[in-house]
>>> print(open('upload-v4.cif').read())   # mmCIF, C-alpha atoms
data_my_file
#
loop_
_atom_site.label_atom_id
_atom_site.label_comp_id
_atom_site.auth_asym_id
_atom_site.auth_seq_id
_atom_site.Cartn_x
_atom_site.Cartn_y
_atom_site.Cartn_z
CA MET A 72 118.70 144.97 110.41
CA LEU A 73 115.42 144.02 108.67
CA THR A 74 113.33 140.88 109.03
CA ALA A 75 113.41 139.20 105.64
CA HIS A 76 110.41 137.43 104.15
CA PRO A 77 111.10 133.67 104.04
CA GLN A 78 110.54 133.62 100.26
CA ARG A 79 112.34 136.88 99.47
CA GLU A 80 115.45 135.39 97.90
CA ALA A 81 113.56 132.68 96.00
CA LEU A 82 111.10 135.22 94.59
CA HIS A 83 113.91 137.59 93.63
CA ASN A 84 115.81 134.86 91.78
CA GLU A 85 112.69 133.66 89.96
CA VAL A 86 113.27 136.16 87.14
CA HIS A 87 116.65 134.51 86.55
CA ALA A 88 115.40 130.93 86.86
CA ARG A 89 115.36 130.13 83.13
CA PRO A 90 117.86 132.37 81.31
CA TYR A 91 118.03 132.38 77.53
CA GLU A 92 120.79 130.33 75.95
CA ARG A 93 123.62 131.85 73.95
CA LEU A 94 123.36 130.45 70.45
CA ALA A 95 125.46 131.01 67.37
CA ALA A 96 124.51 130.06 63.82
CA PRO A 97 124.77 127.66 62.14
CA LEU A 98 123.31 124.88 64.24
CA VAL A 99 120.68 122.14 64.29
CA LEU A 100 118.17 121.95 67.13
CA SER A 101 115.57 119.42 68.31
CA HIS A 102 112.87 120.19 70.85
CA ILE A 103 110.42 117.82 72.57
CA ALA A 104 107.77 118.32 75.25
CA LEU A 105 106.15 115.54 77.29
CA VAL A 106 103.07 115.68 79.50
CA GLY A 107 101.38 113.47 82.06
CA PRO A 108 101.99 112.44 85.66
CA GLN A 109 104.92 110.29 84.55
CA ALA A 110 106.78 113.51 83.67
CA ASP A 111 107.52 113.99 87.37
CA GLY A 112 110.29 111.43 87.00
CA ALA A 113 112.07 113.46 84.31
CA ARG A 114 114.69 114.82 86.73
CA ASP A 115 115.79 111.32 87.72
CA HIS A 116 115.88 110.28 84.06
CA ILE A 117 118.09 113.26 83.22
CA ALA A 118 120.31 112.41 86.18
CA ASP A 119 120.83 108.86 84.84
CA LEU A 120 122.19 110.26 81.57
CA LEU A 121 124.47 112.71 83.37
CA ARG A 122 125.69 110.01 85.74
CA LYS A 123 126.73 107.79 82.83
CA ARG A 124 128.72 110.67 81.35
CA HIS A 125 130.26 111.65 84.70
CA LEU A 126 128.64 115.07 84.68
CA PRO A 127 127.29 117.03 87.70
CA LEU A 128 123.80 115.94 88.70
CA PRO A 129 120.87 118.40 88.98
CA ALA A 130 119.73 119.52 92.41
CA GLU A 131 116.78 117.74 94.00
CA ASP A 132 114.55 120.81 93.59
CA ALA A 133 115.94 121.90 90.21
CA ASN A 134 113.39 122.76 87.51
CA HIS A 135 115.95 123.86 84.95
CA LEU A 136 119.19 122.42 83.60
CA SER A 137 121.61 123.41 80.85
CA VAL A 138 124.56 121.10 80.21
CA ASP A 139 126.95 120.14 77.43
CA LEU A 140 126.75 116.38 76.85
CA GLY A 141 129.77 116.39 74.59
CA GLY A 142 129.06 117.46 71.04
CA VAL A 143 125.39 118.16 71.77
CA HIS A 144 123.95 120.55 74.33
CA LEU A 145 120.87 119.79 76.48
CA ARG A 146 118.45 122.27 78.03
CA TRP A 147 115.78 120.74 80.27
CA GLU A 148 112.87 122.63 81.87
CA LYS A 149 110.18 121.35 84.24
CA HIS A 150 106.86 123.17 84.10
CA THR A 151 103.62 122.68 85.99
CA GLU A 152 102.17 119.93 83.79
CA PHE A 153 104.87 119.21 81.24
CA HIS A 154 108.64 119.18 80.76
CA THR A 155 110.76 120.01 77.75
CA CYS A 156 114.13 118.87 76.42
CA THR A 157 115.96 120.94 73.82
CA PHE A 158 119.06 119.57 72.11
CA TRP A 159 121.26 121.57 69.76
CA LYS A 160 124.53 121.01 68.00
CA ALA A 161 126.82 123.68 66.56
CA LEU A 162 127.91 123.23 62.93
CA HIS A 163 130.71 124.61 60.81
CA GLU A 164 128.56 124.94 57.69
CA ALA A 165 124.94 125.88 57.17
CA PRO A 166 122.70 122.79 57.31
CA GLU A 167 121.11 121.84 54.01
CA SER A 168 118.59 119.25 55.19
CA PHE A 169 116.83 117.74 58.19
CA ASP A 170 118.52 114.37 57.68
CA THR A 171 120.87 114.70 60.68
CA PRO A 172 118.94 116.36 63.55
CA ALA A 173 120.45 117.06 66.93
CA LEU A 174 118.59 114.07 68.38
CA ALA A 175 120.78 111.78 66.29
CA ASP A 176 123.60 112.30 68.82
CA VAL A 177 121.37 111.42 71.81
CA PRO A 178 121.26 107.80 73.08
CA GLN A 179 118.12 106.39 71.49
CA GLU A 180 117.43 103.92 74.33
CA TRP A 181 117.54 106.74 76.86
CA LEU A 182 115.36 108.93 74.64
CA ALA A 183 112.76 106.18 74.18
CA ALA A 184 112.53 105.74 77.98
CA MET A 185 111.81 109.46 78.57
CA PRO A 186 108.96 109.65 81.12
CA GLY A 187 105.69 111.21 80.03
CA GLN A 188 103.62 111.28 76.85
CA TRP A 189 105.19 112.91 73.83
CA LEU A 190 103.18 115.96 72.76
CA VAL A 191 105.52 118.42 71.03
CA GLY A 192 108.40 117.67 68.71
CA LEU A 193 110.21 119.89 66.23
CA HIS A 194 113.52 120.11 64.41
CA MET A 195 115.01 123.50 63.61
CA LEU A 196 117.78 124.49 61.24
CA VAL A 197 119.47 127.75 62.17
CA ARG A 198 121.48 129.30 59.35
CA GLY A 199 123.62 132.42 59.26
CA ASP A 200 123.43 133.30 55.57
CA LYS A 201 120.60 135.84 55.63
CA GLY A 202 120.96 138.27 52.75
CA ALA A 203 120.95 138.42 48.98
CA GLU A 204 123.80 135.95 48.57
CA GLY A 205 122.27 133.22 50.70
CA GLN A 206 118.65 133.83 49.71
CA PRO A 207 118.60 131.39 46.75
CA ARG A 208 120.00 128.57 48.88
CA VAL A 209 117.47 129.33 51.62
CA GLN A 210 114.59 129.30 49.14
CA GLN A 211 115.74 125.96 47.74
CA LEU A 212 115.94 124.52 51.26
CA VAL A 213 112.45 125.83 52.07
CA ARG A 214 110.92 124.37 48.90
CA ARG A 215 112.71 121.07 49.41
CA SER A 216 111.85 120.64 53.12
CA LEU A 217 108.47 122.32 53.65
CA GLN A 218 105.04 122.06 52.06
CA GLU A 219 104.39 125.11 49.94
CA GLU A 220 100.58 125.12 50.25
CA SER A 221 100.75 125.60 54.03
CA LEU A 222 104.01 127.54 54.23
CA VAL A 223 104.26 130.14 56.98
CA GLY A 224 107.05 132.69 56.98
CA ALA A 225 107.93 136.08 58.43
CA SER A 226 110.73 138.47 59.14
CA VAL A 227 111.21 138.62 62.91
CA MET A 228 113.25 140.43 65.55
CA ASP A 229 113.26 143.76 63.70
CA HIS A 230 114.21 142.15 60.36
CA ASP A 231 117.29 140.51 61.91
CA ALA A 232 116.02 137.01 61.12
CA GLU A 233 113.56 135.09 58.97
CA VAL A 234 111.56 132.06 60.02
CA TYR A 235 109.86 129.45 57.82
CA THR A 236 107.67 126.49 58.75
CA ASP A 237 104.66 124.56 57.49
CA LEU A 238 103.50 123.39 60.94
CA HIS A 239 103.08 119.86 59.57
CA LEU A 240 104.38 116.64 61.04
CA ALA A 241 107.02 115.04 58.85
CA ALA A 242 107.49 111.30 58.46
CA ASP A 243 109.49 111.16 61.71
CA GLY A 244 106.67 112.85 63.67
CA PHE A 245 108.51 116.16 64.07
CA GLU A 246 107.66 119.61 62.75
CA ARG A 247 110.27 121.54 60.82
CA PHE A 248 111.42 125.12 61.33
CA ILE A 249 114.03 127.03 59.39
CA LEU A 250 115.51 130.15 61.01
CA VAL A 251 117.82 132.33 58.95
CA ALA A 252 119.80 134.92 60.92
CA ASN A 253 122.88 136.98 60.29
CA GLY A 254 124.76 139.30 62.60
CA MET A 255 122.61 138.59 65.67
CA SER A 256 124.34 138.38 69.02
CA PRO A 257 124.29 134.94 70.71
CA ARG A 258 121.95 136.20 73.43
CA ARG A 259 119.53 137.79 70.94
CA LEU A 260 119.53 134.68 68.75
CA GLY A 261 118.88 132.57 71.84
CA ARG A 262 115.87 134.72 72.73
CA GLY A 263 114.45 134.42 69.23
CA VAL A 264 114.85 130.63 69.18
CA GLN A 265 113.33 130.29 72.65
CA ARG A 266 110.29 132.33 71.64
CA LEU A 267 109.69 130.14 68.61
CA LEU A 268 109.96 127.00 70.72
CA GLU A 269 107.55 128.41 73.29
CA VAL A 270 105.04 129.42 70.61
CA GLU A 271 104.82 125.83 69.41
CA THR A 272 104.91 124.28 72.90
CA TYR A 273 102.22 126.55 74.31
CA ARG A 274 100.13 126.13 71.15
CA MET A 275 99.97 122.38 71.66
CA MET A 276 99.32 122.75 75.39
CA ALA A 277 96.46 125.16 74.64
CA LEU A 278 94.94 122.67 72.20
CA LEU A 279 94.66 120.03 74.94
CA GLY A 280 91.38 121.68 75.89
CA LEU A 281 89.83 121.24 72.42
CA PRO A 282 88.94 117.49 72.67
CA MET A 283 87.44 118.14 76.08
CA ALA A 284 85.43 121.07 74.69
CA ARG A 285 83.99 118.81 72.00
CA GLU A 286 83.13 116.20 74.61
CA VAL A 287 81.50 118.83 76.78
CA GLY A 288 79.46 120.09 73.83
CA ALA A 289 77.88 116.67 73.31
CA ALA A 290 77.20 116.21 77.03
CA LEU A 291 75.70 119.69 77.37
CA MET A 292 73.40 119.07 74.41
CA HIS A 293 71.80 116.13 76.24
CA ALA A 294 71.66 118.08 79.51
CA GLU A 295 69.97 121.07 77.84
CA ARG A 296 67.41 118.76 76.26
CA ASP A 297 66.68 117.14 79.63
CA LEU A 298 66.34 120.56 81.26
CA ALA A 299 63.90 121.69 78.56
CA ASN A 300 61.79 118.57 79.14
CA VAL A 301 61.70 119.12 82.89
CA ALA A 302 60.84 122.80 82.47
CA GLU A 303 57.97 121.85 80.14
CA GLN A 304 56.65 119.30 82.63
CA ILE A 305 56.76 121.85 85.45
CA ARG A 306 54.20 123.99 83.62
CA SER A 307 51.48 121.33 83.84
CA ALA A 308 52.72 119.16 86.71
CA GLN A 309 50.39 118.07 89.48
CA ARG A 310 51.36 118.36 93.10
CA GLN A 311 52.22 114.68 93.42
CA GLN A 312 54.59 114.95 90.41
CA GLU A 313 56.70 117.79 91.82
CA PRO A 314 59.01 115.66 94.05
CA GLU A 315 60.02 113.55 91.03
CA LEU A 316 60.70 116.67 88.95
CA LEU A 317 62.78 118.12 91.76
CA ARG A 318 64.76 114.88 91.93
CA GLN A 319 65.44 115.04 88.20
CA LEU A 320 66.62 118.64 88.48
CA THR A 321 68.92 117.76 91.37
CA GLN A 322 70.41 114.86 89.42
CA LEU A 323 70.89 117.07 86.34
CA ALA A 324 72.57 119.76 88.43
CA GLY A 325 74.94 117.16 89.86
CA GLN A 326 75.91 115.99 86.37
CA VAL A 327 76.60 119.53 85.14
CA GLU A 328 78.60 120.48 88.23
CA SER A 329 80.64 117.28 87.96
CA LEU A 330 81.40 118.08 84.32
CA TYR A 331 82.34 121.65 85.24
CA ALA A 332 84.68 120.49 88.00
CA ARG A 333 86.37 118.05 85.61
CA THR A 334 86.91 120.55 82.79
CA HIS A 335 87.30 123.96 84.42
CA ALA A 336 91.02 123.57 85.15
CA ARG A 337 91.75 122.40 81.59
CA PHE A 338 89.83 125.26 80.00
CA SER A 339 91.51 127.80 82.26
CA ALA A 340 94.93 126.36 81.40
CA SER A 341 94.14 126.48 77.67
CA SER A 342 93.18 130.13 77.96
CA ALA A 343 96.42 130.90 79.81
CA TYR A 344 98.54 129.02 77.26
CA PHE A 345 96.82 130.81 74.37
CA GLU A 346 97.60 134.13 75.98
CA LEU A 347 101.26 133.10 76.21
CA VAL A 348 101.25 132.14 72.53
CA GLN A 349 99.93 135.55 71.57
CA ARG A 350 102.47 137.28 73.79
CA ARG A 351 105.41 135.34 72.36
CA ILE A 352 104.29 136.12 68.80
CA GLU A 353 104.10 139.81 69.68
CA GLU A 354 107.63 139.62 71.04
CA LEU A 355 108.83 138.22 67.70
CA ARG A 356 107.66 141.47 66.01
CA GLU A 357 106.74 139.77 62.76
CA GLN A 358 106.80 141.45 59.36
CA ARG A 359 105.32 139.89 56.22
CA LEU A 360 107.62 138.13 53.76
CA GLU A 361 106.41 138.30 50.14
CA ASN A 362 102.99 136.58 50.00
CA LEU A 363 103.42 134.29 53.00
CA GLN A 364 101.15 134.34 56.00
CA THR A 365 102.83 135.10 59.29
CA LEU A 366 102.74 132.99 62.44
CA GLY A 367 100.35 135.50 64.00
CA GLU A 368 97.95 135.28 61.06
CA PHE A 369 98.10 131.50 61.12
CA MET A 370 97.29 131.41 64.84
CA ASP A 371 94.43 133.87 64.38
CA ARG A 372 92.90 131.68 61.68
CA ARG A 373 93.58 128.22 63.06
CA LEU A 374 94.25 128.41 66.80
CA ALA A 375 91.93 131.23 67.84
CA PRO A 376 88.74 129.39 66.71
CA ALA A 377 89.78 126.33 68.70
CA MET A 378 90.32 128.50 71.77
CA GLN A 379 86.95 130.16 71.22
CA THR A 380 85.42 126.68 71.24
CA CYS A 381 86.93 126.09 74.67
CA VAL A 382 85.71 129.48 75.90
CA TRP A 383 82.26 128.82 74.50
CA ALA A 384 82.11 125.40 76.18
CA ALA A 385 83.07 126.93 79.54
CA ARG A 386 80.47 129.69 79.18
CA ARG A 387 77.84 127.19 78.08
CA GLN A 388 78.49 125.10 81.18
CA GLN A 389 78.15 128.16 83.39
CA ALA A 390 74.97 129.29 81.64
CA LEU A 391 73.41 125.81 81.89
CA SER A 392 74.28 125.62 85.57
CA GLU A 393 72.57 128.97 86.16
CA ARG A 394 69.51 127.86 84.17
CA ILE A 395 69.20 124.69 86.23
CA SER A 396 69.51 126.75 89.39
CA ARG A 397 66.76 129.14 88.26
CA THR A 398 64.47 126.26 87.29
CA SER A 399 65.11 124.54 90.63
CA ASN A 400 64.36 127.75 92.50
CA LEU A 401 61.16 128.18 90.50
CA LEU A 402 60.02 124.66 91.33
CA ARG A 403 60.97 125.04 94.99
CA THR A 404 59.07 128.32 95.16
CA ARG A 405 56.03 126.63 93.68
CA VAL A 406 56.28 123.79 96.18
CA GLU A 407 56.70 126.25 99.05
CA ILE A 408 53.64 128.24 97.95
CA GLU A 409 51.58 125.08 97.75
CA GLN A 410 52.86 124.04 101.16
CA GLN A 411 51.91 127.43 102.55
CA GLN A 412 48.44 127.08 101.05
CA SER A 413 48.11 123.61 102.54
CA SER A 414 49.30 124.91 105.89
CA GLN A 415 46.79 127.79 105.71
CA GLU A 416 43.98 125.37 104.89
CA LEU A 417 45.08 123.16 107.77
CA LEU A 418 45.14 126.14 110.14
CA ASP A 419 41.67 127.19 108.99
CA ALA A 420 40.37 123.68 109.60
CA MET A 421 42.02 123.62 113.01
CA ASN A 422 40.42 126.98 113.84
CA ARG A 423 37.03 125.69 112.78
CA ARG A 424 37.48 122.58 114.87
CA GLN A 425 38.64 124.69 117.80
CA ARG A 426 35.55 126.92 117.56
CA ALA A 427 33.36 123.84 117.42
CA GLN A 428 35.17 122.43 120.43
CA MET A 429 34.67 125.70 122.31
CA LEU A 430 30.95 125.62 121.52
CA LEU A 431 30.76 122.05 122.65
CA GLN A 432 32.79 122.90 125.73
CA SER A 433 30.43 125.78 126.57
CA ALA A 434 27.46 123.48 126.13
CA VAL A 435 29.11 120.84 128.28
CA GLU A 436 29.94 123.42 130.91
CA GLY A 437 26.30 124.61 130.94
CA LEU A 438 25.13 121.05 131.31
CA SER A 439 27.77 120.48 133.99
CA VAL A 440 26.51 123.51 135.96
CA ALA A 441 22.92 122.27 135.62
CA ALA A 442 23.87 118.73 136.62
CA VAL A 443 25.94 119.80 139.64
CA THR A 444 23.19 122.23 140.68
CA TYR A 445 20.62 119.46 140.36
CA TYR A 446 22.59 117.07 142.52
CA GLY A 447 23.41 119.90 144.96
CA ALA A 448 19.72 120.82 145.19
CA GLY A 449 18.94 117.17 145.87
CA LEU A 450 21.39 117.12 148.75
CA VAL A 451 19.91 120.34 150.14
CA GLY A 452 16.43 118.79 149.85
CA TYR A 453 17.53 115.80 151.91
CA VAL A 454 19.02 118.10 154.50
CA ALA A 455 15.87 120.31 154.58
CA LYS A 456 13.60 117.28 155.03
CA GLY A 457 15.70 116.13 157.92
CA ALA A 458 15.66 119.58 159.42
CA LYS A 459 11.83 119.77 158.97
CA SER A 460 11.40 116.63 160.97
CA MET A 461 13.57 118.19 163.68
CA GLY A 462 11.37 121.26 163.84
CA TRP A 463 12.79 123.47 161.06
CA PRO A 464 9.99 125.93 160.33
CA VAL A 465 10.67 126.36 156.61
CA SER A 466 9.27 124.00 154.03
CA PRO A 467 11.89 121.76 152.33
CA ASP A 468 10.64 122.82 148.89
CA VAL A 469 11.17 126.47 149.75
CA THR A 470 14.62 125.69 151.05
CA VAL A 471 15.55 123.83 147.84
CA MET A 472 14.14 126.66 145.73
CA ALA A 473 16.20 129.23 147.58
CA ALA A 474 19.35 127.06 147.40
CA ILE A 475 19.22 126.36 143.66
CA PRO A 476 20.41 129.90 142.54
CA VAL A 477 23.12 129.91 145.15
CA ILE A 478 24.36 126.47 144.15
CA GLY A 479 24.31 127.39 140.42
CA LEU A 480 26.30 130.59 140.99
CA VAL A 481 28.87 128.82 143.15
CA VAL A 482 29.36 126.06 140.55
CA TRP A 483 29.65 128.56 137.66
CA TRP A 484 32.15 130.68 139.60
CA GLY A 485 34.21 127.62 140.42
CA ILE A 486 34.39 126.54 136.76
CA ARG A 487 35.40 130.03 135.62
CA ARG A 488 38.12 130.17 138.27
CA LEU A 489 39.40 126.78 137.11
CA HIS A 490 39.53 128.10 133.50
CA ARG A 491 41.55 131.13 134.52
CA ARG A 492 44.05 129.01 136.43
CA VAL A 493 44.50 126.63 133.48
CA GLN A 494 44.99 129.60 131.12
CA LEU A 495 47.64 131.10 133.40
CA ASP A 496 49.49 127.80 133.46
CA VAL A 497 49.39 127.57 129.65
CA ASP A 498 50.61 131.18 129.18
CA SER A 499 53.48 130.70 131.59
#
>>> encode(input="upload-v4.cif", output="structure tokens")
Amino acid sequence: MLTAHPQREALHNEVHARPYERLAAPLVLSHIALVGPQADGARDHIADLLRKRHLPLPAEDANHLSVDLGGVHLRWEKHTEFHTCTFWKALHEAPESFDTPALADVPQEWLAAMPGQWLVGLHMLVRGDKGAEGQPRVQQLVRRSLQEESLVGASVMDHDAEVYTDLHLAADGFERFILVANGMSPRRLGRGVQRLLEVETYRMMALLGLPMAREVGAALMHAERDLANVAEQIRSAQRQQEPELLRQLTQLAGQVESLYARTHARFSASSAYFELVQRRIEELREQRLENLQTLGEFMDRRLAPAMQTCVWAARRQQALSERISRTSNLLRTRVEIEQQQSSQELLDAMNRRQRAQMLLQSAVEGLSVAAVTYYGAGLVGYVAKGAKSMGWPVSPDVTVMAAIPVIGLVVWWGIRRLHRRVQLDVDS
């Protein structure tokens, strides 16, 4: 009865696109994340593994997959700029070391050919012996597997679990997490594990902006120095130097805008990933364990300053761009004022020349009237002499004298009429 939006069903199902896994302790888990344009071929790579094991292939538009490979379970997710693979293996007894991770049951040739650049890697031991009886064994495992000087630990999920890590890369290039839970439902345990994996994945994705922020800082230092030099030269620059200064400002603005366009997306992504890290840590609802720092405290001390560096670099770019714009506007205003002064001086000179031309024109017109009157009087004299010889009673000199005023007035009137006609043509 109603006209459905073309994306209604897809948008509705989006909240169910990546459901949490049902996990039961004990188990071992390995998680990797890869970035880069090559990661777009991850779906085909996953399909090759499934095809060899005669398992259903993922859909062409699938961005999520959860499948049992036989002894080890795989969860694959495709995100905007990275993809993740999580492998876990259920155990009958609590794991006592990281010697046999879940990745050990994955074909190593297939794993080595995974498309993309490896960014995140961690192994996690999930135990189910939380409590007074299992605490000594857990403490021994923590001391044996993690570095005590950088140990991070907290009680999470309303005291239903404890997490330990040192956030260091071990000899195999993977971080190590120990999660101790007891009595948690499979769905709740799956949510807790997923949040821990996302904290580490988003932390590394957020840090991708830090090298770029350092690069930007060095580039902006040179640009700010160049801008200061140009601004100092503007104060004492001569008119002939202004075009060169304006060229330098334009070139500097192009460099800063190019740098901004190249880094803005990365800085924005880092800010978004950092926000996700903070949100996932809040969802863990951490409580302090003994004298250990929590994940939230560690991120506030170590990750937050790096993110502030990215924010500062982005703001510094914006501020420098605005400063260049203001300096350019100042120089352009100065050039425009000087141009207006030059134009005013040119107009004044033109007005002076026009007044001189009008004076000359008036003098020429007076001379023209006198000259035409002279020649006209001469013609009248010839006519009067001829008439005198034919019996005209008036003297030729008297006739010329009487004709001169008439001729002068007629010539003057004719010139004035010609002026009015020319003016009318110009105005129209």
>>> closest_residue(input="upload-v4.cif", among="A:Ser137, A:Ser216, A:Gln109, A:Gln210", to="Asp170 in chain A", atoms="all atoms listed in the file")
A:Ser216
>>> residues_around(input="upload-v4.cif", residues="Gly187 in chain A", least_positions_apart="3", cutoff="10 Å", atoms="all atoms listed in the file", output="VMD selection string")
chain A and resid 104 to 113 153 to 154 184 190
>>> atom_distance(input="upload-v4.cif", atom1="CA of Ala175 in chain A", atom2="CA of Thr151 in chain A")
28.3 Å
>>> atom_distance(input="upload-v4.cif", atom1="CA of Leu355 in chain A", atom2="CA of Leu222 in chain A")
17.9 Å
>>> closest_residue(input="upload-v4.cif", among="A:Met283, A:Leu250, A:Leu120, A:Leu323", to="Pro178 in chain A", atoms="all atoms listed in the file")
A:Leu120
>>> residues_around(input="upload-v4.cif", residues="Cys381 in chain A", least_positions_apart="6", cutoff="12 Å", atoms="only C-alpha atoms", output="PyMOL selection string")
chain A and resi 277-288+334-343+345+374-375+387-388
>>> write_last_selection(input="upload-v4.cif", atoms="C-alpha atoms", output="compact mmCIF listing (two decimals), in the frame of the given file")
# COMPACT_ATOMS: atom_id res chain seq x y z
CA ALA A 277 96.46 125.16 74.64
CA LEU A 278 94.94 122.67 72.20
CA LEU A 279 94.66 120.03 74.94
CA GLY A 280 91.38 121.68 75.89
CA LEU A 281 89.83 121.24 72.42
CA PRO A 282 88.94 117.49 72.67
CA MET A 283 87.44 118.14 76.08
CA ALA A 284 85.43 121.07 74.69
CA ARG A 285 83.99 118.81 72.00
CA GLU A 286 83.13 116.20 74.61
CA VAL A 287 81.50 118.83 76.78
CA GLY A 288 79.46 120.09 73.83
CA THR A 334 86.91 120.55 82.79
CA HIS A 335 87.30 123.96 84.42
CA ALA A 336 91.02 123.57 85.15
CA ARG A 337 91.75 122.40 81.59
CA PHE A 338 89.83 125.26 80.00
CA SER A 339 91.51 127.80 82.26
CA ALA A 340 94.93 126.36 81.40
CA SER A 341 94.14 126.48 77.67
CA SER A 342 93.18 130.13 77.96
CA ALA A 343 96.42 130.90 79.81
CA PHE A 345 96.82 130.81 74.37
CA LEU A 374 94.25 128.41 66.80
CA ALA A 375 91.93 131.23 67.84
CA ARG A 387 77.84 127.19 78.08
CA GLN A 388 78.49 125.10 81.18
>>> closest_residue(input="upload-v4.cif", among="A:Arg350, A:Lys459, A:His230, A:Arg247", to="Arg274 in chain A", atoms="only C-alpha atoms")
A:Arg350
>>> residues_near_point(input="upload-v4.cif", point="(127.2, 118.7, 76.8)", cutoff="10 Å", atoms="only C-alpha atoms", output="list of chain:residue names")
A:Leu121, A:Arg124, A:Leu126, A:Ser137, A:Val138, A:Asp139, A:Leu140, A:Gly141, A:Gly142, A:Val143, A:His144, A:Leu145, A:Arg146, A:Phe158, A:Trp159, A:Lys160
>>> closest_residue(input="upload-v4.cif", among="A:Arg426, A:Arg488, A:Arg405, A:Arg356", to="Ile305 in chain A", atoms="all atoms listed in the file")
A:Arg405
>>> resolve_selection(input="upload-v4.cif", expression="the PyMOL selection byres ((chain A and resi 136) around 10)", output="list in words")
Ala88, Arg89, Arg114, Ile117, Leu128, Pro129, Ala130, Ala133, Asn134, His135, Ser137, Val138, Leu145, Arg146, Trp147, Glu148, Lys149 and Cys156 of chain A
>>> closest_residue(input="upload-v4.cif", among="A:Val301, A:Val264, A:Met429, A:Met421", to="Ser399 in chain A", atoms="only C-alpha atoms")
A:Val301
>>> closest_residue(input="upload-v4.cif", among="A:Ala324, A:Ala241, A:Leu100, A:Ala420", to="Gln265 in chain A", atoms="only C-alpha atoms")
A:Leu100
>>> resolve_selection(input="upload-v4.cif", expression="the PyMOL selection byres ((chain A and resi 196) around 7)", output="number ranges by chain")
A: 98-100, 166, 194-195, 197-198, 248-250
>>> resolve_selection(input="upload-v4.cif", expression="the PyMOL selection byres ((chain A and resi 393-397) around 10)", output="ChimeraX atom specification")
/A:294-295,298-299,301-302,320-321,323-324,327,387-392,398-403
>>> atom_distance(input="upload-v4.cif", atom1="CA of Leu450 in chain A", atom2="CA of Met472 in chain A")
12.4 Å
>>> axis_aligned_box(input="upload-v4.cif", around="range 214-221 of chain A", padding_each_side="8 Å", output="JSON")
{"center_x": 106.6, "center_y": 123.1, "center_z": 51.5, "size_x": 28.1, "size_y": 21.0, "size_z": 21.1}
>>> build_atoms(input="upload-v4.cif", residues="range 200-209 of chain A", atoms="N, CA, C and O atoms", output="JSON list (two decimals), in the frame of the given file")
[["chain", "number", "residue", "atom", "x", "y", "z"],
["A", 200, "ASP", "N", 123.17, 132.72, 56.89],
["A", 200, "ASP", "CA", 123.43, 133.30, 55.57],
["A", 200, "ASP", "C", 122.25, 134.15, 55.11],
["A", 200, "ASP", "O", 121.84, 134.09, 53.96],
["A", 201, "LYS", "N", 121.68, 134.94, 56.02],
["A", 201, "LYS", "CA", 120.60, 135.84, 55.63],
["A", 201, "LYS", "C", 121.18, 136.94, 54.75],
["A", 201, "LYS", "O", 122.21, 137.54, 55.05],
["A", 202, "GLY", "N", 120.50, 137.24, 53.67],
["A", 202, "GLY", "CA", 120.96, 138.27, 52.75],
["A", 202, "GLY", "C", 120.78, 137.82, 51.32],
["A", 202, "GLY", "O", 120.33, 136.71, 51.01],
["A", 203, "ALA", "N", 121.17, 138.70, 50.40],
["A", 203, "ALA", "CA", 120.95, 138.42, 48.98],
["A", 203, "ALA", "C", 121.76, 137.23, 48.50],
["A", 203, "ALA", "O", 121.29, 136.45, 47.66],
["A", 204, "GLU", "N", 122.95, 137.06, 49.04],
["A", 204, "GLU", "CA", 123.80, 135.95, 48.57],
["A", 204, "GLU", "C", 123.25, 134.59, 48.99],
["A", 204, "GLU", "O", 123.30, 133.64, 48.22],
["A", 205, "GLY", "N", 122.77, 134.51, 50.21],
["A", 205, "GLY", "CA", 122.27, 133.22, 50.70],
["A", 205, "GLY", "C", 120.81, 132.97, 50.42],
["A", 205, "GLY", "O", 120.32, 131.87, 50.68],
["A", 206, "GLN", "N", 120.09, 133.97, 49.90],
["A", 206, "GLN", "CA", 118.65, 133.83, 49.71],
["A", 206, "GLN", "C", 118.30, 132.68, 48.76],
["A", 206, "GLN", "O", 117.37, 131.91, 49.04],
["A", 207, "PRO", "N", 118.98, 132.52, 47.63],
["A", 207, "PRO", "CA", 118.60, 131.39, 46.75],
["A", 207, "PRO", "C", 118.74, 130.03, 47.43],
["A", 207, "PRO", "O", 117.89, 129.15, 47.27],
["A", 208, "ARG", "N", 119.81, 129.85, 48.20],
["A", 208, "ARG", "CA", 120.00, 128.57, 48.88],
["A", 208, "ARG", "C", 118.91, 128.35, 49.93],
["A", 208, "ARG", "O", 118.42, 127.24, 50.12],
["A", 209, "VAL", "N", 118.54, 129.45, 50.61],
["A", 209, "VAL", "CA", 117.47, 129.33, 51.62],
["A", 209, "VAL", "C", 116.15, 128.96, 50.95],
["A", 209, "VAL", "O", 115.42, 128.09, 51.43]]
